[in-house]
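Student: File start-v6.cif follows (mmCIF, C-alpha atoms):
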data_upload
#
loop_
_atom_site.label_atom_id
_atom_site.label_comp_id
_atom_site.auth_asym_id
_atom_site.auth_seq_id
_atom_site.Cartn_x
_atom_site.Cartn_y
_atom_site.Cartn_z
CA MET A 1 0.00 0.00 0.00
CA LYS A 2 1.42 3.37 -1.01
CA ILE A 3 0.80 6.27 1.34
CA HIS A 4 1.20 9.96 0.45
CA LEU A 5 1.84 11.94 3.61
CA PRO A 6 0.80 15.56 4.29
CA ASP A 7 4.41 16.74 4.03
CA GLY A 8 4.56 15.65 0.39
CA THR A 9 6.62 12.50 0.96
CA ALA A 10 5.42 8.97 0.20
CA ARG A 11 6.06 5.63 1.86
CA THR A 12 5.01 2.01 1.52
CA PHE A 13 2.98 0.26 4.22
CA GLU A 14 3.60 -3.46 4.39
CA GLY A 15 1.12 -4.33 7.13
CA GLY A 16 -1.93 -6.54 6.65
CA VAL A 17 -5.53 -5.50 6.21
CA ALA A 18 -6.22 -2.36 8.21
CA ARG A 19 -8.85 0.29 8.69
CA VAL A 20 -7.95 3.86 7.75
CA SER A 21 -7.87 4.88 11.43
CA ASP A 22 -5.54 1.97 12.32
CA LEU A 23 -3.18 2.97 9.54
CA LEU A 24 -3.17 6.60 10.71
CA LEU A 25 -2.54 5.69 14.34
CA SER A 26 0.30 3.35 13.31
CA ILE A 27 2.11 6.33 11.77
CA ARG A 28 1.18 8.60 14.70
CA VAL A 29 -1.40 10.70 12.83
CA ASN A 30 -4.59 11.67 14.70
CA PRO A 31 -7.62 10.88 12.48
CA VAL A 32 -9.35 14.00 13.86
CA GLY A 33 -7.02 16.33 11.95
CA VAL A 34 -6.87 14.70 8.53
CA ILE A 35 -8.98 13.64 5.56
CA VAL A 36 -7.99 10.46 3.73
CA SER A 37 -8.56 9.52 0.10
CA ARG A 38 -8.23 6.00 -1.25
CA ASN A 39 -7.45 5.69 -4.94
CA GLY A 40 -8.58 9.30 -5.40
CA ARG A 41 -11.87 9.11 -3.46
CA VAL A 42 -12.44 10.42 0.05
CA VAL A 43 -13.31 7.62 2.48
CA PRO A 44 -14.45 7.50 6.14
CA GLU A 45 -11.91 6.49 8.74
CA ASP A 46 -13.50 3.08 9.36
CA THR A 47 -13.01 1.98 5.74
CA ILE A 48 -11.01 -1.24 5.40
CA LEU A 49 -7.98 -0.85 3.15
CA GLY A 50 -6.47 -3.32 0.70
CA GLN A 51 -2.81 -3.97 -0.08
CA ASP A 52 -3.04 -2.41 -3.56
CA ASP A 53 -4.66 0.81 -2.40
CA GLU A 54 -3.02 4.18 -2.86
CA ILE A 55 -3.71 6.40 0.12
CA ARG A 56 -3.39 10.17 0.42
CA ILE A 57 -3.50 11.90 3.81
CA ILE A 58 -4.58 15.55 3.73
CA GLN A 59 -3.90 17.73 6.77
CA VAL A 60 -6.88 19.96 7.55
CA SER A 61 -5.53 22.15 10.35
CA HIS A 62 -3.09 24.91 9.57
CA GLY A 63 -2.16 28.24 11.01
CA GLY A 64 -1.35 29.61 14.43
CA MET B 1 -22.97 -10.63 -3.71
CA GLU B 2 -22.66 -7.44 -5.77
CA ALA B 3 -19.93 -5.03 -4.67
CA GLY B 4 -21.21 -1.70 -3.40
CA PRO B 5 -21.12 0.64 -0.42
CA GLY B 6 -20.62 -1.36 2.74
CA ALA B 7 -19.40 -4.48 0.90
CA PRO B 8 -15.94 -5.88 1.78
CA GLY B 9 -13.26 -3.49 0.51
CA GLU B 10 -15.82 -0.75 -0.16
CA PRO B 11 -16.52 2.30 2.02
CA PRO B 12 -19.46 2.03 4.42
CA ALA B 13 -22.83 3.21 3.12
CA CYS B 14 -24.41 6.60 3.87
CA ASP B 15 -26.95 6.18 6.66
CA LEU B 16 -29.36 8.52 4.86
CA CYS B 17 -29.29 7.30 1.24
CA GLY B 18 -27.10 4.20 0.93
CA GLN B 19 -24.49 5.81 -1.37
CA ALA B 20 -20.79 5.39 -0.59
CA ALA B 21 -19.97 7.36 2.56
CA VAL B 22 -17.10 9.85 2.68
CA PHE B 23 -17.38 10.78 6.35
CA LEU B 24 -17.95 9.16 9.74
CA ASP B 25 -19.28 11.40 12.50
CA ARG B 26 -17.50 9.75 15.41
CA PHE B 27 -19.89 11.18 18.03
CA SER B 28 -23.15 9.99 16.45
CA GLN B 29 -21.47 7.09 14.57
CA ARG B 30 -23.38 8.30 11.48
CA HIS B 31 -21.93 7.78 7.98
CA LEU B 32 -22.65 10.42 5.33
CA CYS B 33 -22.08 10.53 1.58
CA GLY B 34 -20.72 13.66 -0.12
CA ASP B 35 -24.15 15.11 -0.94
CA HIS B 36 -25.35 14.69 2.63
CA VAL B 37 -22.16 16.19 4.09
CA LEU B 38 -22.78 19.31 1.98
CA LEU B 39 -26.44 19.53 3.01
CA ASP B 40 -25.57 18.93 6.66
CA VAL B 41 -22.92 21.69 6.74
CA GLU B 42 -25.18 24.14 4.91
CA ASP B 43 -28.06 23.41 7.29
CA ARG B 44 -25.89 23.90 10.34
CA VAL B 45 -24.58 27.27 9.09
CA ARG B 46 -28.10 28.37 8.13
CA CYS B 47 -29.38 27.41 11.61
CA THR B 48 -26.48 29.20 13.33
CA ILE B 49 -27.21 32.40 11.39
CA GLN B 50 -30.89 32.22 12.32
CA GLU B 51 -30.46 31.15 15.95
CA TYR B 52 -27.95 33.89 16.75
CA HIS B 53 -29.46 36.54 14.42
CA LEU B 54 -26.04 36.95 12.84
CA ILE B 55 -27.11 38.74 9.66
CA ARG B 56 -29.56 41.65 9.43
CA PRO B 57 -31.75 42.42 6.42
CA GLY B 58 -30.41 45.14 4.15
CA GLU B 59 -26.90 45.22 5.54
CA ARG B 60 -23.54 45.10 3.79
CA LEU B 61 -21.62 42.10 5.08
CA ALA B 62 -17.84 41.99 4.69
CA VAL B 63 -16.31 38.50 4.52
CA ALA B 64 -12.75 38.26 5.81
CA LEU B 65 -11.32 36.21 2.95
CA SER B 66 -7.76 35.02 3.55
CA GLY B 67 -7.92 32.52 0.70
CA GLY B 68 -7.50 29.60 3.11
CA LYS B 69 -10.00 26.77 3.39
CA ASP B 70 -12.18 28.22 6.16
CA SER B 71 -12.76 31.67 4.70
CA THR B 72 -13.18 30.25 1.19
CA ALA B 73 -15.79 27.77 2.44
CA LEU B 74 -17.45 30.63 4.34
CA LEU B 75 -17.66 32.75 1.20
CA HIS B 76 -19.12 29.81 -0.72
CA LEU B 77 -21.69 29.10 2.00
CA LEU B 78 -22.71 32.74 2.42
CA SER B 79 -23.03 33.23 -1.34
CA LYS B 80 -25.59 30.37 -1.23
CA ILE B 81 -27.40 31.35 1.98
CA VAL B 82 -27.40 35.16 1.89
CA PRO B 83 -29.66 35.46 -1.22
CA GLU B 84 -32.34 33.66 0.86
CA MET B 85 -32.19 36.52 3.38
CA GLY B 86 -33.13 39.39 1.13
CA ASP B 87 -31.17 42.48 0.21
CA VAL B 88 -27.90 41.63 1.97
CA THR B 89 -24.76 42.64 0.05
CA LEU B 90 -21.59 40.55 0.32
CA THR B 91 -18.12 42.06 -0.01
CA ALA B 92 -14.83 40.20 0.45
CA ILE B 93 -11.79 41.73 2.14
CA THR B 94 -8.34 40.15 1.99
CA VAL B 95 -5.56 41.35 4.27
CA ASP B 96 -2.00 41.08 2.99
CA GLU B 97 0.07 40.78 6.17
CA GLY B 98 3.32 40.88 4.24
CA ILE B 99 4.69 37.37 4.79
CA ALA B 100 7.16 36.63 2.02
CA GLY B 101 6.80 33.30 0.25
CA TYR B 102 3.45 32.50 1.86
CA ARG B 103 0.82 35.13 1.24
CA GLU B 104 1.13 35.43 -2.53
CA ALA B 105 -0.55 32.06 -3.20
CA THR B 106 -3.46 32.64 -0.82
CA ILE B 107 -4.12 36.14 -2.20
CA ARG B 108 -4.31 34.65 -5.69
CA VAL B 109 -6.81 32.04 -4.47
CA ALA B 110 -8.84 34.74 -2.68
CA ARG B 111 -9.13 36.77 -5.89
CA GLU B 112 -10.15 33.68 -7.87
CA MET B 113 -12.78 32.67 -5.31
CA ALA B 114 -14.31 36.16 -5.10
CA THR B 115 -14.58 36.21 -8.89
CA ARG B 116 -16.05 32.69 -8.94
CA PHE B 117 -18.78 33.61 -6.46
CA GLY B 118 -19.42 37.03 -8.02
CA VAL B 119 -18.44 38.93 -4.87
CA GLU B 120 -16.72 42.32 -4.90
CA HIS B 121 -13.14 41.92 -3.61
CA HIS B 122 -10.87 44.38 -1.78
CA LEU B 123 -7.23 43.94 -0.79
CA VAL B 124 -5.71 45.84 2.15
CA SER B 125 -2.20 45.48 3.52
CA PHE B 126 -0.40 45.84 6.83
CA ARG B 127 2.02 48.13 5.01
CA GLY B 128 -0.83 50.37 3.85
CA ILE B 129 -2.67 50.44 7.20
CA SER B 130 0.14 50.12 9.77
CA GLY B 131 3.17 51.20 7.76
CA ALA B 132 5.11 47.91 7.88
CA THR B 133 4.80 44.28 6.83
CA LEU B 134 4.56 41.51 9.44
CA ASP B 135 8.02 40.36 8.36
CA ASP B 136 9.33 43.88 9.17
CA MET B 137 7.53 43.96 12.53
CA VAL B 138 9.06 40.72 13.80
CA ALA B 139 12.51 41.21 12.31
CA ASP B 140 13.92 42.21 15.73
CA GLY B 141 12.99 38.76 17.13
CA ARG B 142 11.35 40.25 20.23
CA SER B 143 7.71 40.29 19.11
CA HIS B 144 5.61 37.18 18.69
CA PRO B 145 4.25 37.09 15.13
CA CYS B 146 0.85 35.51 15.89
CA SER B 147 -0.02 38.11 18.55
CA LEU B 148 1.05 41.01 16.35
CA CYS B 149 -0.64 39.55 13.31
CA GLY B 150 -3.96 39.17 15.15
CA ILE B 151 -3.93 42.77 16.35
CA HIS B 152 -2.99 44.31 13.01
CA ARG B 153 -5.29 42.02 11.00
CA ARG B 154 -8.31 43.02 13.11
CA ARG B 155 -7.34 46.67 12.65
CA ALA B 156 -6.92 46.29 8.88
CA LEU B 157 -10.25 44.47 8.54
CA LEU B 158 -12.06 47.11 10.59
CA CYS B 159 -10.54 49.98 8.59
CA ALA B 160 -11.45 48.33 5.31
CA ALA B 161 -14.96 47.35 6.44
CA ALA B 162 -15.67 50.86 7.74
CA GLY B 163 -14.44 52.37 4.47
CA LEU B 164 -16.79 50.12 2.53
CA GLY B 165 -19.80 50.91 4.70
CA ALA B 166 -20.05 47.36 6.05
CA THR B 167 -22.01 46.80 9.26
CA ALA B 168 -20.60 43.34 10.03
CA ILE B 169 -17.48 41.30 9.34
CA ALA B 170 -17.89 37.53 8.91
CA THR B 171 -14.87 35.42 9.77
CA GLY B 172 -14.22 31.75 9.05
CA HIS B 173 -13.66 30.65 12.66
CA ASN B 174 -14.80 27.04 13.03
CA LEU B 175 -15.67 24.86 16.04
CA ASP B 176 -12.04 23.83 16.55
CA ASP B 177 -10.87 27.47 16.54
CA GLU B 178 -13.49 28.41 19.12
CA ALA B 179 -12.69 25.47 21.42
CA GLN B 180 -8.98 26.29 21.21
CA THR B 181 -9.62 29.95 22.07
CA ILE B 182 -11.74 28.98 25.09
CA VAL B 183 -9.02 26.68 26.45
CA MET B 184 -6.35 29.33 25.76
CA ASN B 185 -8.41 31.91 27.68
CA CYS B 186 -8.57 29.45 30.60
CA LEU B 187 -4.83 28.86 30.48
CA ARG B 188 -4.22 32.62 30.54
CA GLY B 189 -6.77 33.30 33.29
CA ASP B 190 -8.53 35.66 30.90
CA LEU B 191 -12.03 35.93 32.43
CA PRO B 192 -13.34 38.67 30.09
CA GLY B 193 -12.30 36.54 27.13
CA PHE B 194 -13.77 33.40 28.68
CA THR B 195 -17.15 35.03 29.36
CA ARG B 196 -17.52 36.66 25.92
CA PRO B 197 -20.57 35.34 24.02
CA PRO B 198 -19.71 33.07 21.10
CA ALA B 199 -20.79 33.58 17.48
CA LYS B 200 -20.49 37.36 17.60
CA ASP B 201 -18.00 39.74 19.16
CA PRO B 202 -18.25 43.49 19.56
CA THR B 203 -15.43 45.23 17.72
CA GLY B 204 -15.82 48.55 19.48
CA ALA B 205 -16.27 50.36 16.17
CA GLY B 206 -19.98 49.87 15.55
CA ILE B 207 -19.21 46.93 13.27
CA ARG B 208 -20.21 43.44 14.45
CA ARG B 209 -17.90 40.48 14.00
CA ILE B 210 -19.82 37.28 13.29
CA LYS B 211 -18.71 33.63 13.05
CA PRO B 212 -21.24 31.63 10.97
CA LEU B 213 -19.00 28.49 10.98
CA PHE B 214 -18.50 28.30 14.73
CA ARG B 215 -20.67 25.17 15.03
CA VAL B 216 -18.87 23.26 12.24
CA PRO B 217 -15.73 21.21 13.03
CA GLU B 218 -12.64 22.08 11.01
CA LYS B 219 -12.55 18.65 9.38
CA GLU B 220 -16.06 19.13 8.01
CA VAL B 221 -15.23 22.63 6.75
CA ALA B 222 -12.24 21.15 4.89
CA LEU B 223 -14.38 18.29 3.58
CA TYR B 224 -16.96 20.81 2.37
CA GLY B 225 -14.19 22.62 0.50
CA MET B 226 -12.89 19.40 -1.07
CA LEU B 227 -16.34 18.19 -2.13
CA THR B 228 -17.20 21.53 -3.74
CA GLY B 229 -13.83 21.78 -5.49
CA ILE B 230 -12.67 24.93 -3.69
CA PHE B 231 -10.08 23.30 -1.42
CA HIS B 232 -6.51 24.32 -2.27
CA ASP B 233 -3.56 22.64 -0.61
CA LEU B 234 -1.80 25.85 0.38
CA PRO B 235 1.50 26.38 2.20
CA GLU B 236 1.39 26.70 5.98
CA CYS B 237 2.16 30.07 7.54
CA PRO B 238 5.88 30.04 8.44
CA TYR B 239 5.09 31.63 11.81
CA ALA B 240 2.36 29.15 12.86
CA GLY B 241 4.30 26.35 14.53
CA THR B 242 5.43 28.14 17.66
CA ALA B 243 2.07 29.49 18.79
CA LEU B 244 0.43 28.32 22.02
CA ARG B 245 -2.58 27.54 19.83
CA SER B 246 -0.65 24.72 18.14
CA GLU B 247 -0.04 23.02 21.50
CA VAL B 248 -3.65 23.51 22.58
CA ARG B 249 -4.86 22.13 19.24
CA ARG B 250 -2.83 18.94 19.63
CA MET B 251 -4.17 18.48 23.17
CA ILE B 252 -7.83 19.03 22.23
CA ASP B 253 -7.55 16.89 19.07
CA ARG B 254 -6.26 14.02 21.18
CA LEU B 255 -9.17 14.44 23.61
CA GLU B 256 -11.62 14.64 20.70
CA TYR B 257 -10.26 11.36 19.35
CA LEU B 258 -10.48 9.61 22.73
CA HIS B 259 -13.80 11.25 23.73
CA PRO B 260 -15.79 12.25 20.61
CA GLY B 261 -17.86 15.40 21.16
CA THR B 262 -15.22 17.15 23.30
CA LEU B 263 -14.98 20.14 20.93
CA GLU B 264 -18.73 20.64 20.97
CA ARG B 265 -18.93 20.28 24.75
CA ILE B 266 -16.16 22.86 25.32
CA VAL B 267 -17.97 25.42 23.17
CA ARG B 268 -21.46 24.62 24.54
CA GLY B 269 -20.14 24.81 28.09
CA GLN B 270 -18.54 28.19 27.52
CA GLU B 271 -21.73 29.40 25.87
CA ASP B 272 -23.65 28.49 29.05
CA VAL B 273 -21.10 30.33 31.19
CA ALA B 274 -21.30 33.42 28.94
CA SER B 275 -25.09 33.34 29.07
CA LEU B 276 -25.12 33.01 32.87
CA TRP B 277 -22.53 35.78 33.13
CA GLY B 278 -24.71 38.03 30.98
CA ARG B 279 -27.85 37.27 33.05
CA LEU B 280 -26.00 38.10 36.24
CA GLY B 281 -25.35 41.51 34.73
CA ALA B 282 -21.65 41.13 35.31
CA SER B 283 -19.36 43.50 33.47
CA GLU B 284 -15.63 43.48 33.04
CA THR B 285 -15.31 46.36 35.50
CA SER B 286 -17.61 45.05 38.25
CA LEU B 287 -15.19 42.48 39.66
CA PRO B 288 -11.66 42.84 40.95
CA LEU B 289 -10.12 40.94 38.06
CA THR B 290 -6.43 40.28 37.76
CA GLY B 291 -6.91 40.43 34.00
CA GLY B 292 -5.06 37.19 33.50
CA ARG B 293 -1.55 37.08 32.12
CA LYS B 294 -0.89 37.47 28.45
CA ASP B 295 1.78 35.06 27.38
CA ARG B 296 4.28 36.26 24.88
CA ASP B 297 3.68 32.99 23.06
CA SER B 298 0.05 33.46 22.06
#
Would it be possible to restate this file's structure as structure tokens?

Tutor:
Amino acid sequence: MKIHLPDGTARTFEGGVARVSDLLLSIRVNPVGVIVSRNGRVVPEDTILGQDDEIRIIQVSHGG
Amino acid sequence: MEAGPGAPGEPPACDLCGQAAVFLDRFSQRHLCGDHVLLDVEDRVRCTIQEYHLIRPGERLAVALSGGKDSTALLHLLSKIVPEMGDVTLTAITVDEGIAGYREATIRVAREMATRFGVEHHLVSFRGISGATLDDMVADGRSHPCSLCGIHRRRALLCAAAGLGATAIATGHNLDDEAQTIVMNCLRGDLPGFTRPPAKDPTGAGIRRIKPLFRVPEKEVALYGMLTGIFHDLPECPYAGTALRSEVRRMIDRLEYLHPGTLERIVRGQEDVASLWGRLGASETSLPLTGGRKDRDS
């Protein structure tokens, strides 16, 4: 599974089947502050991901 | 079994129509599709405007349009809702703080969005109003940029709104912003700030400041922007990371994850306190307040 992070970098996740929220917590991202798209479509955080999915994490909170 | 919303590998289904959901409300455990997220956000903003009497018939309403996601979503929402209210004129004001390498992109987006929604757009700058850019003001390293920026931005918005004959300024503050401000006021011991009514603030210049998004969580504002195609992935303000607000945000977000509804409860609770405070007839000068302590890092 390829993951695009909010900072513009990408990494590969080799874990098994996971929900979006599990994936986020495993990389220390709070689901409250992000929106996630899977293969270009926004999905809720309890969506179950597959190994071939391409995930993009979009940070929603900015500013001071 | 045919694949579809809720099937293995597919997103859960919308609880209202069965289409593929894009959002889970963790408090109610309700799934919503894109169309129902949009309707839900619009309804909440419409209800907030009505419940708090935020907009008055016949007035000129200035929208503080930074070009970021919140103010852009606000402009979009108001351009849909305001025509239902009769004879209210929308005007957008963008403040150029003078932050090199950051502000140019958001000003461009602000111009594009005002044009897209057919709203008159005005640009004012710190340099024009206060004589210096924010970069100039903090160059000595002694002043905290977020505190200075807040003061000068409010001043610039007020000057511009007054010049345009506006009677209210709408800002894109969302539920997260309000909850963070309440907690920051507690941390500073700022009782006047803590007891101020939500949704609308006096500006002291005969111009009201209203917050039509203050009941909508930041994530849903961003989702609204993405689903309507107005979300732009813009650079983060270079001064943002060191503010107390960033620490408070991380703390509240963690609590919201562990205890869904925390943001709403913080704001509702403060609203009750402000209401009680108002009914008691308390004023800022009637109690021996210490005034709290303003941190440099605000």

Student: I'd like to know which of A:Leu25, A:Ala10, A:Val17, A:Val34 is closest to A:Glu54, using all atoms listed in the file.

Tutor: A:Ala10

Student: In terms of the shortest atom-to-atom distance over all atoms listed in the file, which of A:Leu49, A:Ala18, A:Ile27, A:Val43 is closest to A:Pro6?

Tutor: A:Ile27

Student: Atom CA of B:Thr181 and atom CA of A:Val60 are how many Å apart?

Tutor: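 Answer for the atom CA of B:Thr181 to atom CA of A:Val60 separation: 17.8 Å.
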
Student: Going by the chain IDs and residue numbers used in this file, which residues fall under the PyMOL selection byres ((chain B) within 7 of (chain A))? Write them as a list in words.

Tutor: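 This file, filtered by the PyMOL selection byres ((chain B) within 7 of (chain A)), leaves Gly9, Pro11, Pro12, Ala21, Val22, Phe23, Leu24, Cys146, Lys219, Ala222, Glu236, Cys237, Ala240, Gly241, Ala243, Arg245, Ser246, Asp253 and Tyr257 of chain B.
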
Student: Under the rule that only C-alpha atoms are counted, which of A:Val29, A:Gly16, A:Ile57, A:Asp52 is the nearest residue to A:Met1?

Tutor: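 That would be A:Asp52, the residue with the smallest distance to A:Met1.
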
Student: What does the distance between atom CA of B:His122 and atom CA of B:Ala92 come to in Å, to one decimal place?

Tutor: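 Separation of atom CA of B:His122 and atom CA of B:Ala92: 6.2 Å.
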
Student: If I take atom CA of B:Val95 and atom CA of B:Glu112, how far is one from the other in Å, to one decimal?

Tutor: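 Interatomic distance, atom CA of B:Val95 to atom CA of B:Glu112: 15.1 Å.
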
Student: Just checking: using all atoms listed in the file, which residue out of B:Ala156, B:Ala166, B:Glu10, B:Ile93 ends up closest to B:Ile107?

Tutor: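 Of the candidates, the smallest distance to B:Ile107 is held by B:Ile93.
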
Student: Please enumerate the residues selected by the PyMOL selection byres ((chain B and resi 90) around 6) when evaluated against the supplied file, formatted as a ChimeraX atom specification.

Tutor: /B:61-62,89,91

Student: Convert the current residue selection to file output with C-alpha atoms, as a PDB file, in the frame of the given file.

Tutor:
ATOM      1  CA  LEU B  61     -21.620  42.100   5.080  1.00  0.00           C
ATOM      2  CA  ALA B  62     -17.840  41.990   4.690  1.00  0.00           C
ATOM      3  CA  THR B  89     -24.760  42.640   0.050  1.00  0.00           C
ATOM      4  CA  THR B  91     -18.120  42.060  -0.010  1.00  0.00           C
TER       5      THR B  91
END

Student: Applied to this file, what does the PyMOL selection byres ((chain B and resi 88) around 7) return in terms of residues, put as a list of chain:residue names?

Tutor: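 For this structure, the PyMOL selection byres ((chain B and resi 88) around 7) captures B:Pro57, B:Gly58, B:Glu59, B:Arg60, B:Val82, B:Met85, B:Gly86, B:Asp87, B:Thr89, B:Leu90.
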
Student: Just want the 10 Å neighbourhood of B:Ser71, counted on all atoms listed in the file, with same-chain residues fewer than 2 positions away dropped. Output as a PyMOL selection string.

Tutor: chain B and resi 63-69+73-77+92+94+110+170-174+213+221

Student: Since we have the selection now, will you write its residues out, keeping C-alpha atoms, as a PDB file, in the coordinates of the input?

Tutor:
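Heads up, here's the output in out07.pdb:
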ATOM      1  CA  VAL B  63     -16.310  38.500   4.520  1.00  0.00           C
ATOM      2  CA  ALA B  64     -12.750  38.260   5.810  1.00  0.00           C
ATOM      3  CA  LEU B  65     -11.320  36.210   2.950  1.00  0.00           C
ATOM      4  CA  SER B  66      -7.760  35.020   3.550  1.00  0.00           C
ATOM      5  CA  GLY B  67      -7.920  32.520   0.700  1.00  0.00           C
ATOM      6  CA  GLY B  68      -7.500  29.600   3.110  1.00  0.00           C
ATOM      7  CA  LYS B  69     -10.000  26.770   3.390  1.00  0.00           C
ATOM      8  CA  ALA B  73     -15.790  27.770   2.440  1.00  0.00           C
ATOM      9  CA  LEU B  74     -17.450  30.630   4.340  1.00  0.00           C
ATOM     10  CA  LEU B  75     -17.660  32.750   1.200  1.00  0.00           C
ATOM     11  CA  HIS B  76     -19.120  29.810  -0.720  1.00  0.00           C
ATOM     12  CA  LEU B  77     -21.690  29.100   2.000  1.00  0.00           C
ATOM     13  CA  ALA B  92     -14.830  40.200   0.450  1.00  0.00           C
ATOM     14  CA  THR B  94      -8.340  40.150   1.990  1.00  0.00           C
ATOM     15  CA  ALA B 110      -8.840  34.740  -2.680  1.00  0.00           C
ATOM     16  CA  ALA B 170     -17.890  37.530   8.910  1.00  0.00           C
ATOM     17  CA  THR B 171     -14.870  35.420   9.770  1.00  0.00           C
ATOM     18  CA  GLY B 172     -14.220  31.750   9.050  1.00  0.00           C
ATOM     19  CA  HIS B 173     -13.660  30.650  12.660  1.00  0.00           C
ATOM     20  CA  ASN B 174     -14.800  27.040  13.030  1.00  0.00           C
ATOM     21  CA  LEU B 213     -19.000  28.490  10.980  1.00  0.00           C
ATOM     22  CA  VAL B 221     -15.230  22.630   6.750  1.00  0.00           C
TER      23      VAL B 221
END

Student: Do a neighbour search on stretch 36-43 of chain B at 9 Å with all atoms listed in the file, toss out local chain neighbours closer than 3 positions, and write the hits as a PyMOL selection string.

Tutor: chain B and resi 14+16-17+22-23+32-33+46-48+77+80-81+213+216+220-221+223-224+227-228

Student: With all atoms listed in the file as the basis for distance, which of B:Lys211, B:Arg26, B:Ser130, B:Val248 is at the shortest distance from B:Cys159?

Tutor: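 Nearest candidate to B:Cys159 out of B:Lys211, B:Arg26, B:Ser130, B:Val248: B:Ser130.
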
Student: Using the partial input, fill out stretch 44-60 of chain A with N, CA and C atoms; write the result as a PDB file, in the coordinates of the input.

Tutor:
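Everything below was put into out22.pdb:
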ATOM      1  N   PRO A  44     -14.378   7.348   4.680  1.00  0.00           N
ATOM      2  CA  PRO A  44     -14.450   7.500   6.140  1.00  0.00           C
ATOM      3  C   PRO A  44     -13.319   6.717   6.811  1.00  0.00           C
ATOM      4  N   GLU A  45     -13.063   7.073   8.056  1.00  0.00           N
ATOM      5  CA  GLU A  45     -11.910   6.490   8.740  1.00  0.00           C
ATOM      6  C   GLU A  45     -12.093   5.037   9.134  1.00  0.00           C
ATOM      7  N   ASP A  46     -13.313   4.504   9.039  1.00  0.00           N
ATOM      8  CA  ASP A  46     -13.500   3.080   9.360  1.00  0.00           C
ATOM      9  C   ASP A  46     -13.527   2.203   8.108  1.00  0.00           C
ATOM     10  N   THR A  47     -13.109   2.759   6.977  1.00  0.00           N
ATOM     11  CA  THR A  47     -13.010   1.980   5.740  1.00  0.00           C
ATOM     12  C   THR A  47     -11.851   0.985   5.839  1.00  0.00           C
ATOM     13  N   ILE A  48     -12.081  -0.234   5.380  1.00  0.00           N
ATOM     14  CA  ILE A  48     -11.010  -1.240   5.400  1.00  0.00           C
ATOM     15  C   ILE A  48     -10.198  -1.128   4.115  1.00  0.00           C
ATOM     16  N   LEU A  49      -8.883  -1.069   4.281  1.00  0.00           N
ATOM     17  CA  LEU A  49      -7.980  -0.850   3.150  1.00  0.00           C
ATOM     18  C   LEU A  49      -7.437  -2.163   2.611  1.00  0.00           C
ATOM     19  N   GLY A  50      -7.088  -2.160   1.325  1.00  0.00           N
ATOM     20  CA  GLY A  50      -6.470  -3.320   0.700  1.00  0.00           C
ATOM     21  C   GLY A  50      -5.004  -3.046   0.383  1.00  0.00           C
ATOM     22  N   GLN A  51      -4.249  -4.121   0.143  1.00  0.00           N
ATOM     23  CA  GLN A  51      -2.810  -3.970  -0.080  1.00  0.00           C
ATOM     24  C   GLN A  51      -2.464  -3.148  -1.314  1.00  0.00           C
ATOM     25  N   ASP A  52      -3.354  -3.130  -2.318  1.00  0.00           N
ATOM     26  CA  ASP A  52      -3.040  -2.410  -3.560  1.00  0.00           C
ATOM     27  C   ASP A  52      -3.535  -0.967  -3.546  1.00  0.00           C
ATOM     28  N   ASP A  53      -4.100  -0.544  -2.442  1.00  0.00           N
ATOM     29  CA  ASP A  53      -4.660   0.810  -2.400  1.00  0.00           C
ATOM     30  C   ASP A  53      -3.569   1.871  -2.359  1.00  0.00           C
ATOM     31  N   GLU A  54      -3.900   3.008  -2.957  1.00  0.00           N
ATOM     32  CA  GLU A  54      -3.020   4.180  -2.860  1.00  0.00           C
ATOM     33  C   GLU A  54      -3.747   5.209  -1.979  1.00  0.00           C
ATOM     34  N   ILE A  55      -3.086   5.569  -0.913  1.00  0.00           N
ATOM     35  CA  ILE A  55      -3.710   6.400   0.120  1.00  0.00           C
ATOM     36  C   ILE A  55      -3.070   7.785   0.137  1.00  0.00           C
ATOM     37  N   ARG A  56      -3.910   8.802   0.263  1.00  0.00           N
ATOM     38  CA  ARG A  56      -3.390  10.170   0.420  1.00  0.00           C
ATOM     39  C   ARG A  56      -3.961  10.755   1.709  1.00  0.00           C
ATOM     40  N   ILE A  57      -3.079  11.303   2.531  1.00  0.00           N
ATOM     41  CA  ILE A  57      -3.500  11.900   3.810  1.00  0.00           C
ATOM     42  C   ILE A  57      -3.403  13.416   3.681  1.00  0.00           C
ATOM     43  N   ILE A  58      -4.529  14.085   3.892  1.00  0.00           N
ATOM     44  CA  ILE A  58      -4.580  15.550   3.730  1.00  0.00           C
ATOM     45  C   ILE A  58      -4.777  16.181   5.100  1.00  0.00           C
ATOM     46  N   GLN A  59      -3.820  17.025   5.478  1.00  0.00           N
ATOM     47  CA  GLN A  59      -3.900  17.730   6.770  1.00  0.00           C
ATOM     48  C   GLN A  59      -4.946  18.836   6.670  1.00  0.00           C
ATOM     49  N   VAL A  60      -5.850  18.929   7.653  1.00  0.00           N
ATOM     50  CA  VAL A  60      -6.880  19.960   7.550  1.00  0.00           C
ATOM     51  C   VAL A  60      -6.606  21.173   8.442  1.00  0.00           C
TER      52      VAL A  60
END
